[in-house]
Every structure is written in structure tokens, then in C-alpha cells.
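Structure file entry_10.cif with mmCIF, C-alpha atoms:
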data_final
loop_
_atom_site.label_atom_id
_atom_site.label_comp_id
_atom_site.auth_asym_id
_atom_site.auth_seq_id
_atom_site.Cartn_x
_atom_site.Cartn_y
_atom_site.Cartn_z
CA MET A 1 89.41 161.65 72.52
CA MET A 2 91.67 164.70 72.59
CA LEU A 3 92.66 166.23 69.29
CA GLN A 4 96.30 165.79 68.33
CA LYS A 5 98.27 168.93 67.56
CA GLU A 6 98.60 169.21 63.77
CA ARG A 7 100.79 171.37 61.52
CA HIS A 8 97.90 172.23 59.19
CA VAL A 9 94.52 170.60 58.58
CA LEU A 10 92.98 170.52 55.09
CA VAL A 11 89.24 169.78 54.92
CA VAL A 12 87.84 168.86 51.47
CA PHE A 13 84.09 168.45 50.98
CA PRO A 14 81.82 169.16 48.01
CA HIS A 15 78.92 171.11 49.56
CA PRO A 16 78.42 174.10 51.83
CA ASP A 17 77.16 172.46 55.09
CA ASP A 18 79.14 169.18 54.73
CA GLU A 19 81.76 170.75 56.98
CA SER A 20 79.23 171.81 59.61
CA PHE A 21 77.33 168.53 59.94
CA GLY A 22 80.35 166.27 60.31
CA THR A 23 83.34 168.33 61.35
CA ALA A 24 82.38 171.76 62.73
CA GLY A 25 83.44 170.74 66.25
CA THR A 26 86.75 169.38 65.00
CA ILE A 27 87.43 172.45 62.86
CA ALA A 28 86.54 174.87 65.65
CA GLU A 29 88.65 172.98 68.18
CA TYR A 30 91.72 172.88 65.91
CA ILE A 31 91.39 176.60 65.32
CA GLU A 32 91.14 177.23 69.08
CA MET A 33 94.33 175.13 69.46
CA GLY A 34 96.09 177.43 67.00
CA VAL A 35 96.19 174.82 64.21
CA PRO A 36 95.63 176.42 60.78
CA VAL A 37 92.62 174.92 59.01
CA THR A 38 91.77 175.29 55.31
CA TYR A 39 88.36 174.33 53.95
CA ALA A 40 88.18 173.57 50.23
CA CYS A 41 84.48 173.50 49.31
CA LEU A 42 84.11 172.17 45.80
CA THR A 43 80.64 173.53 44.90
CA LEU A 44 78.07 176.06 46.11
CA GLY A 45 75.35 173.44 46.61
CA GLU A 46 73.53 174.82 43.57
CA MET A 47 71.24 171.77 43.42
CA GLY A 48 69.96 171.96 46.98
CA ARG A 49 66.29 171.01 47.07
CA ASN A 50 65.11 173.03 50.04
CA LEU A 51 63.49 176.14 48.57
CA GLY A 52 60.70 176.49 51.14
CA ASN A 53 56.95 176.53 50.61
CA PRO A 54 56.23 179.40 50.33
CA PRO A 55 59.66 179.61 48.70
CA PHE A 56 62.48 181.74 50.13
CA ALA A 57 64.64 181.04 47.04
CA ASN A 58 64.54 179.70 43.52
CA ARG A 59 66.94 177.49 41.57
CA GLU A 60 68.90 180.54 40.36
CA THR A 61 69.15 182.47 43.65
CA LEU A 62 70.00 179.48 45.84
CA PRO A 63 73.75 179.45 45.01
CA GLN A 64 74.22 183.01 46.29
CA ILE A 65 72.23 182.24 49.43
CA ARG A 66 74.31 179.13 50.09
CA LYS A 67 77.54 181.00 49.42
CA GLN A 68 76.65 183.53 52.12
CA GLU A 69 75.65 180.72 54.49
CA LEU A 70 79.03 179.09 53.88
CA LEU A 71 80.85 182.34 54.69
CA ASP A 72 78.75 182.74 57.86
CA ALA A 73 79.40 179.13 58.94
CA CYS A 74 83.13 179.62 58.47
CA ASP A 75 82.91 182.77 60.62
CA ALA A 76 81.08 180.76 63.28
CA MET A 77 83.85 178.13 63.33
CA GLY A 78 86.57 180.77 63.26
CA LEU A 79 87.79 179.49 59.90
CA THR A 80 89.52 182.14 57.79
CA ASP A 81 91.00 180.12 54.91
CA LEU A 82 87.99 179.11 52.81
CA ARG A 83 88.58 178.04 49.21
CA MET A 84 85.57 177.94 46.88
CA MET A 85 86.63 175.61 44.07
CA GLY A 86 83.99 176.50 41.46
CA LEU A 87 82.62 173.07 40.54
CA ARG A 88 78.90 172.45 40.20
CA ASP A 89 76.78 170.52 42.66
CA LYS A 90 75.94 166.93 41.58
CA THR A 91 78.51 166.87 38.78
CA ILE A 92 81.70 165.87 40.65
CA GLU A 93 81.50 162.22 39.61
CA PHE A 94 81.26 163.24 35.96
CA GLU A 95 84.34 165.49 35.98
CA ASP A 96 87.62 164.41 34.45
CA PRO A 97 89.17 162.38 37.31
CA GLU A 98 92.63 163.76 36.60
CA LYS A 99 91.34 167.34 36.89
CA LEU A 100 90.00 166.54 40.36
CA VAL A 101 93.20 164.78 41.41
CA ASN A 102 95.24 167.77 40.25
CA MET A 103 92.97 170.08 42.26
CA MET A 104 93.63 168.05 45.40
CA THR A 105 97.36 167.75 44.64
CA ASP A 106 97.67 171.52 44.21
CA LEU A 107 95.96 172.12 47.58
CA ILE A 108 98.21 169.60 49.36
CA ASP A 109 101.38 170.91 47.68
CA GLU A 110 100.50 174.48 48.65
CA LEU A 111 99.33 173.90 52.22
CA HIS A 112 101.57 170.99 53.25
CA PRO A 113 98.93 169.67 55.69
CA SER A 114 99.69 167.03 58.31
CA LEU A 115 96.02 165.92 58.30
CA VAL A 116 93.45 165.82 55.49
CA ILE A 117 89.73 165.31 56.22
CA SER A 118 87.33 164.25 53.45
CA PHE A 119 84.64 161.69 52.62
CA HIS A 120 84.97 157.93 52.35
CA PRO A 121 85.12 156.93 48.66
CA THR A 122 82.19 154.47 48.76
CA LEU A 123 80.30 154.93 52.05
CA ALA A 124 79.43 158.63 52.00
CA VAL A 125 75.94 158.27 50.40
CA HIS A 126 75.96 161.24 47.99
CA PRO A 127 77.72 160.69 44.62
CA ASP A 128 79.57 164.02 45.06
CA HIS A 129 80.81 162.89 48.49
CA ASN A 130 82.14 159.58 47.21
CA ALA A 131 83.74 161.16 44.13
CA THR A 132 85.49 163.72 46.35
CA GLY A 133 86.90 160.93 48.51
CA VAL A 134 88.12 159.03 45.47
CA ALA A 135 90.00 162.08 44.17
CA VAL A 136 91.56 162.86 47.56
CA ILE A 137 92.76 159.27 48.00
CA GLU A 138 94.20 159.13 44.48
CA ALA A 139 96.04 162.43 44.97
CA MET A 140 97.43 161.31 48.34
CA SER A 141 98.43 157.87 47.05
CA ARG A 142 100.85 159.66 44.69
CA ILE A 143 102.68 161.27 47.61
CA LEU A 144 105.76 159.47 48.97
CA GLU A 145 104.74 157.62 52.12
CA ALA A 146 107.20 159.54 54.29
CA ASN A 147 105.63 162.86 53.23
CA ARG A 148 102.01 161.74 53.16
CA PRO A 149 99.56 163.41 55.56
CA LEU A 150 97.12 161.38 57.61
CA LEU A 151 93.66 161.01 56.00
CA TYR A 152 90.48 161.02 58.08
CA MET A 153 87.29 160.04 56.25
CA LYS A 154 83.63 160.61 57.07
CA ALA A 155 81.39 157.61 56.31
CA PHE A 156 77.67 157.38 57.05
CA ASP A 157 76.18 154.88 54.62
CA ASN A 158 73.74 152.54 56.41
CA ASP A 159 76.26 149.71 55.83
CA THR A 160 79.24 151.60 57.30
CA LEU A 161 79.46 149.77 60.63
CA ASN A 162 79.12 146.43 58.85
CA GLN A 163 81.90 147.20 56.38
CA LEU A 164 84.32 149.29 58.42
CA GLY A 165 83.53 148.48 62.04
CA GLU A 166 83.73 151.15 64.73
CA PRO A 167 85.26 154.52 63.76
CA HIS A 168 89.02 154.74 64.34
CA VAL A 169 88.88 158.26 65.71
CA VAL A 170 86.13 160.01 67.67
CA HIS A 171 86.70 163.67 68.52
CA HIS A 172 84.83 164.72 71.65
CA THR A 173 84.28 168.46 71.31
CA PRO A 174 81.65 169.71 73.81
CA ASN A 175 83.69 172.86 74.49
CA VAL A 176 82.98 174.18 71.00
CA ALA A 177 79.36 172.99 70.80
CA ASP A 178 78.14 176.61 70.64
CA LYS A 179 80.28 177.19 67.55
CA LYS A 180 79.01 174.01 65.91
CA ILE A 181 75.41 175.02 66.59
CA ALA A 182 76.12 178.49 65.16
CA ALA A 183 77.66 176.91 62.05
CA LEU A 184 74.61 174.68 61.58
CA ARG A 185 72.32 177.68 62.06
CA ALA A 186 74.30 179.59 59.44
CA HIS A 187 73.23 176.96 56.88
CA ALA A 188 69.58 177.83 57.46
CA SER A 189 68.47 176.82 53.96
CA GLN A 190 69.62 173.29 54.78
CA THR A 191 69.02 173.02 58.51
CA VAL A 192 65.87 175.02 59.26
CA TRP A 193 63.84 171.79 59.00
CA MET A 194 65.90 169.78 61.50
CA LEU A 195 67.34 172.32 63.91
CA PRO A 196 64.22 173.31 65.89
CA ASP A 197 63.68 169.65 66.80
CA MET A 198 67.40 169.17 67.56
CA GLU A 199 67.50 172.27 69.74
CA LYS A 200 64.57 170.97 71.78
CA ARG A 201 66.34 167.65 72.26
CA TRP A 202 69.61 169.33 73.27
CA ALA A 203 67.72 171.47 75.79
CA ALA A 204 66.07 168.32 77.19
CA ASN A 205 69.48 166.61 77.55
CA ASP A 206 68.49 163.90 75.07
CA GLN A 207 71.59 161.68 75.07
CA ASP A 208 71.46 160.68 71.38
CA ALA A 209 71.11 164.29 70.32
CA LEU A 210 73.97 165.41 72.58
CA ASP A 211 76.19 162.55 71.34
CA TRP A 212 75.51 163.72 67.79
CA LEU A 213 76.47 167.28 68.76
CA TYR A 214 79.57 166.49 70.83
CA ASN A 215 81.20 163.57 68.99
CA GLU A 216 82.66 163.50 65.48
CA ALA A 217 83.75 160.13 64.11
CA PHE A 218 86.34 159.40 61.44
CA TYR A 219 87.93 156.43 59.73
CA ILE A 220 91.67 156.52 59.00
CA HIS A 221 92.44 155.55 55.41
CA LYS A 222 95.13 152.88 55.04
CA PHE A 223 97.17 153.50 51.89
CA LYS A 224 98.48 150.36 50.19
CA MET B 1 58.24 182.56 43.55
CA GLU B 2 54.44 182.64 43.64
CA SER B 3 51.83 179.93 43.25
CA VAL B 4 50.97 179.46 39.60
CA ASP B 5 48.45 181.88 38.10
CA VAL B 6 47.54 179.89 35.00
CA LYS B 7 46.48 182.84 32.86
CA HIS B 8 49.63 184.83 33.66
CA LEU B 9 51.94 181.84 33.23
CA GLN B 10 50.32 181.09 29.88
CA GLU B 11 51.01 184.68 28.74
CA LEU B 12 54.64 184.30 29.80
CA LEU B 13 55.01 181.02 27.93
CA ASN B 14 53.58 182.69 24.84
CA SER B 15 56.12 185.50 25.12
CA PHE B 16 59.06 183.11 24.74
CA ALA B 17 57.60 181.17 21.80
CA ASN B 18 59.38 181.19 18.44
CA LYS B 19 62.61 182.54 19.93
CA ASP B 20 65.92 180.83 20.60
CA VAL B 21 65.83 180.28 24.36
CA TYR B 22 67.99 178.55 26.96
CA ILE B 23 66.34 175.77 28.91
CA HIS B 24 66.92 174.34 32.37
CA LEU B 25 64.93 171.17 33.08
CA GLU B 26 65.40 169.13 36.21
CA THR B 27 63.62 166.38 38.06
CA THR B 28 64.98 164.98 41.31
CA ASN B 29 64.21 163.00 44.43
CA GLY B 30 67.44 164.19 46.07
CA SER B 31 70.62 162.19 46.45
CA TYR B 32 69.61 160.92 49.88
CA ALA B 33 66.29 159.34 48.85
CA SER B 34 67.55 155.75 48.89
CA HIS B 35 69.60 156.43 52.04
CA PHE B 36 66.51 157.40 54.01
CA GLN B 37 64.27 154.80 52.36
CA GLU B 38 66.05 151.59 51.50
CA GLY B 39 65.04 150.17 48.12
CA PHE B 40 63.79 153.54 46.85
CA PHE B 41 64.37 153.70 43.11
CA ASN B 42 66.01 157.07 42.74
CA ALA B 43 65.67 158.60 39.29
CA GLY B 44 66.11 162.12 38.02
CA ALA B 45 67.22 164.11 35.00
CA PHE B 46 68.94 167.43 34.46
CA ILE B 47 69.68 169.59 31.44
CA ARG B 48 70.89 173.18 31.56
CA ASN B 49 71.71 175.81 28.97
CA VAL B 50 70.45 173.83 26.00
CA ILE B 51 69.13 176.14 23.28
CA ILE B 52 65.70 175.34 21.86
CA ARG B 53 62.95 177.11 19.93
CA TYR B 54 59.37 176.12 20.71
CA GLU B 55 56.39 176.92 18.56
CA LEU B 56 53.78 176.40 21.27
CA GLY B 57 53.98 176.41 25.04
CA LYS B 58 51.06 175.45 27.23
CA VAL B 59 50.24 175.16 30.91
CA ALA B 60 47.72 172.38 31.56
CA GLY B 61 45.83 170.78 34.40
CA GLU B 62 44.94 171.76 37.96
CA SER B 63 47.78 172.45 40.42
CA PRO B 64 50.29 170.90 40.34
CA HIS B 65 50.32 171.85 36.68
CA ARG B 66 51.90 170.35 33.62
CA VAL B 67 53.85 172.59 31.25
CA GLY B 68 54.63 171.42 27.72
CA LEU B 69 56.67 172.97 24.94
CA LYS B 70 56.11 171.80 21.38
CA LEU B 71 59.29 171.89 19.28
CA PRO B 72 59.45 171.67 15.47
CA SER B 73 60.28 167.98 15.79
CA GLY B 74 59.90 167.11 19.45
CA TRP B 75 58.61 167.97 22.92
CA ILE B 76 59.72 169.15 26.33
CA TYR B 77 57.41 168.92 29.29
CA ALA B 78 57.48 169.07 33.06
CA GLN B 79 54.88 167.65 35.44
CA GLY B 80 54.29 168.95 38.98
CA ILE B 81 54.79 172.71 38.52
CA THR B 82 53.44 174.66 41.51
CA HIS B 83 55.36 177.96 41.56
CA TYR B 84 56.83 180.47 39.12
CA THR B 85 58.50 183.82 38.88
CA VAL B 86 60.07 186.14 36.35
CA ASP B 87 63.41 187.21 37.76
CA GLU B 88 65.40 190.42 37.26
CA HIS B 89 66.99 188.93 34.10
CA ASN B 90 63.52 188.35 32.58
CA ARG B 91 63.91 184.60 32.95
CA LEU B 92 60.81 182.50 33.50
CA LEU B 93 61.56 180.18 36.43
CA MET B 94 59.03 177.43 37.17
CA ALA B 95 59.33 174.95 40.00
CA GLY B 96 57.38 172.12 41.55
CA LEU B 97 57.74 172.26 45.33
CA GLY B 98 56.38 169.59 47.63
CA PRO B 99 54.49 170.58 50.80
CA ASP B 100 57.84 170.26 52.61
CA GLY B 101 59.31 172.99 50.37
CA LYS B 102 61.62 170.65 48.51
CA LEU B 103 62.08 171.05 44.78
CA ALA B 104 60.97 168.03 42.77
CA VAL B 105 60.95 169.52 39.28
CA ALA B 106 62.15 172.74 37.65
CA LEU B 107 61.63 174.18 34.18
CA GLU B 108 63.28 177.49 33.35
CA ILE B 109 63.29 179.50 30.13
CA SER B 110 65.67 182.36 29.36
CA GLU B 111 66.82 184.37 26.34
CA THR B 112 70.31 184.57 27.90
CA PRO B 113 72.42 181.68 29.23
CA PHE B 114 71.99 180.58 32.83
CA ALA B 115 75.03 180.78 35.10
CA TYR B 116 77.32 177.75 35.09
#
Rewrite the coordinates I just gave you, this time as C-alpha cells.
Amino acid sequence: MMLQKERHVLVVFPHPDDESFGTAGTIAEYIEMGVPVTYACLTLGEMGRNLGNPPFANRETLPQIRKQELLDACDAMGLTDLRMMGLRDKTIEFEDPEKLVNMMTDLIDELHPSLVISFHPTLAVHPDHNATGVAVIEAMSRILEANRPLLYMKAFDNDTLNQLGEPHVVHHTPNVADKKIAALRAHASQTVWMLPDMEKRWAANDQDALDWLYNEAFYIHKFK
Amino acid sequence: MESVDVKHLQELLNSFANKDVYIHLETTNGSYASHFQEGFFNAGAFIRNVIIRYELGKVAGESPHRVGLKLPSGWIYAQGITHYTVDEHNRLLMAGLGPDGKLAVALEISETPFAY
């Protein structure tokens, strides 16, 4: 499916690398189309578990490493408007809900996006993912319907297909696959374990692996 | 971080005893554990920047080691410690890393607060 021209796209995820796994193709393609894209990344992934053995990082150096990876991934996608929101990994669900809603409202008021991309509020597996989706939906539900942007949600819980059916939107983005691969490579602390295998499968034209690389699926949230 | 040298780690634990120190203690299976393995009972715990004063700290057992801190009226311990380092802020950072390089437990001791 071709991407629709948008006025401005706002992407809201909690962790450095969330944007690259699920939306790097979409982000890169919008940017190539001349659509401004803002990525609000809520944390620096401070609680990431991959430290290597022998270790390349420790609990206290990982945030700086992941911050640089995030900057490099944004460069790879061509994204210039990155907002680092200063929350801490694995604490989003414990924050004051109104503080999170206000954070989302401020971003939407400032950027006036026509499309917002975030996580599904219950089917995004990680508690931070779900809590981010809840806050985005609450903030957007307070916007008058006529002014409300579209909301695309990522969902990948094992029960997703059962609960939501087929995705409403699938972006096919093979033309920016190189940028998506570069974004994934930028997050080496998170992807070094899976990428060598993936790269072999891409090189061998493994259809599942290429589908994963080329297609990005979203559900459209229906506001009541 | 380096693999634990018991004698050296014991000396470091001794050096923080009887001082007010900031503690980071964490155990985790990762947020995806029950996504990848249905039915997995995912448990973990996390405290950071809590001030304690321990009278005795000890590293015990073969690798992975156990590290215990005896408080005036309580205990802190971590099981599964494999690696440690003293960083540029003189903080003692201990971690238990699985063979896949993933952190399963961390215990850190510092005389100054850890970053947020």
C-alpha cells in the first residue's frame, strides 16, 4: 500500500529501537516524500538487558550508548526532529497518567500532526508500550473530532490477530529497505544478536524475512 | 566489566562498609519473557538510589557468586553475580550476565547518587 501524503507525522514510542523495528520504513518513506516526521522517544532504554558477555557496557553506561544509537538510527532514517522525553525505562506505567497525557497533548498542540503513530494500549507486549498507547489515546480522545489526527497503532501480542483481525494498514516500503537496515544496525546493542541471521536470510531471499523487512502493519484506532 | 575476582571484590565490598551508600538492586527476566514463552511466570524487582549502611558485605560461592550485605536490622543480597567493575565515579557495579550476555541481576554500590 502506498503511503498517503500527510501534513506532519508524530511517532511516539518509549524505547530507542521501537521506531526502527516497527516503523523505520514508514518514517524513512515519509521523509523522502517531504512529510515532516517527529519522533518522541520517552526513555533511553536504560533497562536494556543486552550487555554482552564479555560485556560491552554496564547498567550505568548503557543509557549513553543507547542515546548515541538512537541519534545514529534517526540519521539513518533521515529524521531530524527527535525529542528525548526524559522518562525512565520500565517506569511509564507507574507515572502519573495525567502527566503522560499532558506530554502527548503538548506534542500534538505544538506539531499539529495529521497522523500519530504509537503502540496499541493492550496488545503491545511491553508494559511501557501499552502505557504509551493508553496515554496517546487519552490525549487524542480530548481533541475535537474534526481536529483529531489519525492514529496508527503497532500491535504484536500473540493474541493480536485473534482480537483485532488483519491489520488495517500495511505500508510496503522496499525502496527504503537500506535505510531500515541501517537504522536497525545503529541499535547494535539491541540487534547484534538477531541481525547476522536476518542478513543471511535477506541475502538468501527468504520470503518471511523479506516480508518482515518490507512491510509495516498498523491498526487504526477508532475513537468512540 | 570483568569476571569476578573474589578476593578483589571482597576488598571492594569491605571498602564501602559502615558508610552511607546508594544502592541499585535489580533482578529481571526481561519484559518479553512471557511473550516468547507462553506461561512463563515473569518476576523481577528493582530499587535504585536507596541509602543504606551495611556493617558486613560478603561475596560467597563459586561463580555465579552470591553477594550479601548485612544491615543493622536487615539484609540485602543478590544471587547470580558474574561480573564487576569500579567505574570512573568509584562506584562498585556488579552484574549477573547469562551466557547470552543478558543481564539477569545487578547490585551496585555508590557513595554518590546514581543518575535518574
task: Within 10 Å of B:Met94, counting only C-alpha atoms, which residues show up once you throw out same-chain ones fewer than 4 positions away? Write them as a PyMOL selection string, please.
output: (chain A and resi 58-59) or (chain B and resi 1-4+9+24-25+67+78+80-86+105-109)
Please produce an output containing C-alpha atoms for each residue in the selection, written as a PDB file, keeping the file's coordinate frame.
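Result saved to part.pdb:
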ATOM      1  CA  ASN A  58      64.540 179.700  43.520  1.00  0.00           C
ATOM      2  CA  ARG A  59      66.940 177.490  41.570  1.00  0.00           C
TER       3      ARG A  59
ATOM      4  CA  MET B   1      58.240 182.560  43.550  1.00  0.00           C
ATOM      5  CA  GLU B   2      54.440 182.640  43.640  1.00  0.00           C
ATOM      6  CA  SER B   3      51.830 179.930  43.250  1.00  0.00           C
ATOM      7  CA  VAL B   4      50.970 179.460  39.600  1.00  0.00           C
ATOM      8  CA  LEU B   9      51.940 181.840  33.230  1.00  0.00           C
ATOM      9  CA  HIS B  24      66.920 174.340  32.370  1.00  0.00           C
ATOM     10  CA  LEU B  25      64.930 171.170  33.080  1.00  0.00           C
ATOM     11  CA  VAL B  67      53.850 172.590  31.250  1.00  0.00           C
ATOM     12  CA  ALA B  78      57.480 169.070  33.060  1.00  0.00           C
ATOM     13  CA  GLY B  80      54.290 168.950  38.980  1.00  0.00           C
ATOM     14  CA  ILE B  81      54.790 172.710  38.520  1.00  0.00           C
ATOM     15  CA  THR B  82      53.440 174.660  41.510  1.00  0.00           C
ATOM     16  CA  HIS B  83      55.360 177.960  41.560  1.00  0.00           C
ATOM     17  CA  TYR B  84      56.830 180.470  39.120  1.00  0.00           C
ATOM     18  CA  THR B  85      58.500 183.820  38.880  1.00  0.00           C
ATOM     19  CA  VAL B  86      60.070 186.140  36.350  1.00  0.00           C
ATOM     20  CA  VAL B 105      60.950 169.520  39.280  1.00  0.00           C
ATOM     21  CA  ALA B 106      62.150 172.740  37.650  1.00  0.00           C
ATOM     22  CA  LEU B 107      61.630 174.180  34.180  1.00  0.00           C
ATOM     23  CA  GLU B 108      63.280 177.490  33.350  1.00  0.00           C
ATOM     24  CA  ILE B 109      63.290 179.500  30.130  1.00  0.00           C
TER      25      ILE B 109
END
Identify, on the basis of all atoms listed in the file, every residue whose closest approach to A:Trp202 does not exceed 12 Å; exclude the query and any residue fewer than 2 positions from it along the same chain; express the result as a PDB file with C-alpha atoms, in the coordinates of the input.
ATOM      1  CA  ALA A 177      79.360 172.990  70.800  1.00  0.00           C
ATOM      2  CA  ASP A 178      78.140 176.610  70.640  1.00  0.00           C
ATOM      3  CA  ILE A 181      75.410 175.020  66.590  1.00  0.00           C
ATOM      4  CA  LEU A 195      67.340 172.320  63.910  1.00  0.00           C
ATOM      5  CA  PRO A 196      64.220 173.310  65.890  1.00  0.00           C
ATOM      6  CA  ASP A 197      63.680 169.650  66.800  1.00  0.00           C
ATOM      7  CA  MET A 198      67.400 169.170  67.560  1.00  0.00           C
ATOM      8  CA  GLU A 199      67.500 172.270  69.740  1.00  0.00           C
ATOM      9  CA  LYS A 200      64.570 170.970  71.780  1.00  0.00           C
ATOM     10  CA  ALA A 204      66.070 168.320  77.190  1.00  0.00           C
ATOM     11  CA  ASN A 205      69.480 166.610  77.550  1.00  0.00           C
ATOM     12  CA  ASP A 206      68.490 163.900  75.070  1.00  0.00           C
ATOM     13  CA  GLN A 207      71.590 161.680  75.070  1.00  0.00           C
ATOM     14  CA  ASP A 208      71.460 160.680  71.380  1.00  0.00           C
ATOM     15  CA  ALA A 209      71.110 164.290  70.320  1.00  0.00           C
ATOM     16  CA  LEU A 210      73.970 165.410  72.580  1.00  0.00           C
ATOM     17  CA  ASP A 211      76.190 162.550  71.340  1.00  0.00           C
ATOM     18  CA  TRP A 212      75.510 163.720  67.790  1.00  0.00           C
ATOM     19  CA  LEU A 213      76.470 167.280  68.760  1.00  0.00           C
ATOM     20  CA  TYR A 214      79.570 166.490  70.830  1.00  0.00           C
TER      21      TYR A 214
END
- prompt: Got a sec to pull out which chain A residues are within 8 Å of chain B, counting all atoms listed in the file, and send them as a PyMOL selection string?
  reply: chain A and resi 49-59+88+125-127+157-158
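Between atom CA of A:Val136 and atom CA of A:Gln4 lies a distance of 21.5 Å.
Among the candidates A:Ala146, A:Leu87, A:Ile31, A:Met153, the one nearest to A:Lys99 when counting all atoms listed in the file is A:Leu87.
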task: Could you tell me which of A:Thr91, A:Ser114, A:Asn130, A:Thr173 comes closest to A:Pro36 if we count only C-alpha atoms?
output: A:Ser114
For stretch 174-182 of chain A, which lacks atoms in the input, supply all heavy atoms and format the output as an mmCIF file, in the frame of the given file.
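For reference, selection_26.cif as written:
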data_model
loop_
_atom_site.group_PDB
_atom_site.id
_atom_site.type_symbol
_atom_site.label_atom_id
_atom_site.label_comp_id
_atom_site.auth_asym_id
_atom_site.auth_seq_id
_atom_site.Cartn_x
_atom_site.Cartn_y
_atom_site.Cartn_z
ATOM 1 N N PRO A 174 82.755 168.950 73.185
ATOM 2 C CA PRO A 174 81.650 169.710 73.810
ATOM 3 C C PRO A 174 82.002 171.181 74.050
ATOM 4 O O PRO A 174 81.107 172.018 74.082
ATOM 5 C CB PRO A 174 81.437 168.970 75.144
ATOM 6 C CG PRO A 174 82.708 168.247 75.410
ATOM 7 C CD PRO A 174 83.294 167.905 74.056
ATOM 8 N N ASN A 175 83.309 171.483 74.179
ATOM 9 C CA ASN A 175 83.690 172.860 74.490
ATOM 10 C C ASN A 175 83.406 173.832 73.350
ATOM 11 O O ASN A 175 83.356 175.042 73.571
ATOM 12 C CB ASN A 175 85.184 172.936 74.856
ATOM 13 C CG ASN A 175 85.473 172.177 76.130
ATOM 14 O OD1 ASN A 175 84.578 171.962 76.965
ATOM 15 N ND2 ASN A 175 86.708 171.720 76.278
ATOM 16 N N VAL A 176 83.261 173.295 72.145
ATOM 17 C CA VAL A 176 82.980 174.180 71.000
ATOM 18 C C VAL A 176 81.586 173.926 70.438
ATOM 19 O O VAL A 176 81.286 174.287 69.301
ATOM 20 C CB VAL A 176 84.051 174.039 69.893
ATOM 21 C CG1 VAL A 176 85.393 174.580 70.357
ATOM 22 C CG2 VAL A 176 84.179 172.587 69.461
ATOM 23 N N ALA A 177 80.713 173.307 71.260
ATOM 24 C CA ALA A 177 79.360 172.990 70.800
ATOM 25 C C ALA A 177 78.617 174.252 70.335
ATOM 26 O O ALA A 177 77.877 174.210 69.337
ATOM 27 C CB ALA A 177 78.566 172.288 71.897
ATOM 28 N N ASP A 178 78.823 175.373 71.034
ATOM 29 C CA ASP A 178 78.140 176.610 70.640
ATOM 30 C C ASP A 178 78.537 177.029 69.224
ATOM 31 O O ASP A 178 77.707 177.519 68.450
ATOM 32 C CB ASP A 178 78.476 177.755 71.605
ATOM 33 C CG ASP A 178 77.774 177.567 72.949
ATOM 34 O OD1 ASP A 178 76.907 176.671 73.044
ATOM 35 O OD2 ASP A 178 78.115 178.301 73.897
ATOM 36 N N LYS A 179 79.814 176.819 68.900
ATOM 37 C CA LYS A 179 80.280 177.190 67.550
ATOM 38 C C LYS A 179 79.698 176.249 66.502
ATOM 39 O O LYS A 179 79.360 176.667 65.400
ATOM 40 C CB LYS A 179 81.817 177.167 67.502
ATOM 41 C CG LYS A 179 82.449 178.270 68.348
ATOM 42 C CD LYS A 179 83.956 178.297 68.193
ATOM 43 C CE LYS A 179 84.548 179.437 69.024
ATOM 44 N NZ LYS A 179 86.013 179.502 68.918
ATOM 45 N N LYS A 180 79.600 174.962 66.861
ATOM 46 C CA LYS A 180 79.010 174.010 65.910
ATOM 47 C C LYS A 180 77.539 174.348 65.668
ATOM 48 O O LYS A 180 77.070 174.336 64.527
ATOM 49 C CB LYS A 180 79.160 172.582 66.424
ATOM 50 C CG LYS A 180 78.538 171.548 65.491
ATOM 51 C CD LYS A 180 79.001 170.130 65.778
ATOM 52 C CE LYS A 180 78.352 169.132 64.836
ATOM 53 N NZ LYS A 180 78.998 167.821 64.869
ATOM 54 N N ILE A 181 76.826 174.657 66.743
ATOM 55 C CA ILE A 181 75.410 175.020 66.590
ATOM 56 C C ILE A 181 75.284 176.281 65.721
ATOM 57 O O ILE A 181 74.434 176.360 64.833
ATOM 58 C CB ILE A 181 74.750 175.238 67.978
ATOM 59 C CG1 ILE A 181 74.683 173.911 68.727
ATOM 60 C CG2 ILE A 181 73.376 175.858 67.831
ATOM 61 C CD1 ILE A 181 74.296 174.034 70.193
ATOM 62 N N ALA A 182 76.173 177.249 65.953
ATOM 63 C CA ALA A 182 76.120 178.490 65.160
ATOM 64 C C ALA A 182 76.421 178.204 63.692
ATOM 65 O O ALA A 182 75.817 178.802 62.796
ATOM 66 C CB ALA A 182 77.113 179.510 65.725
#
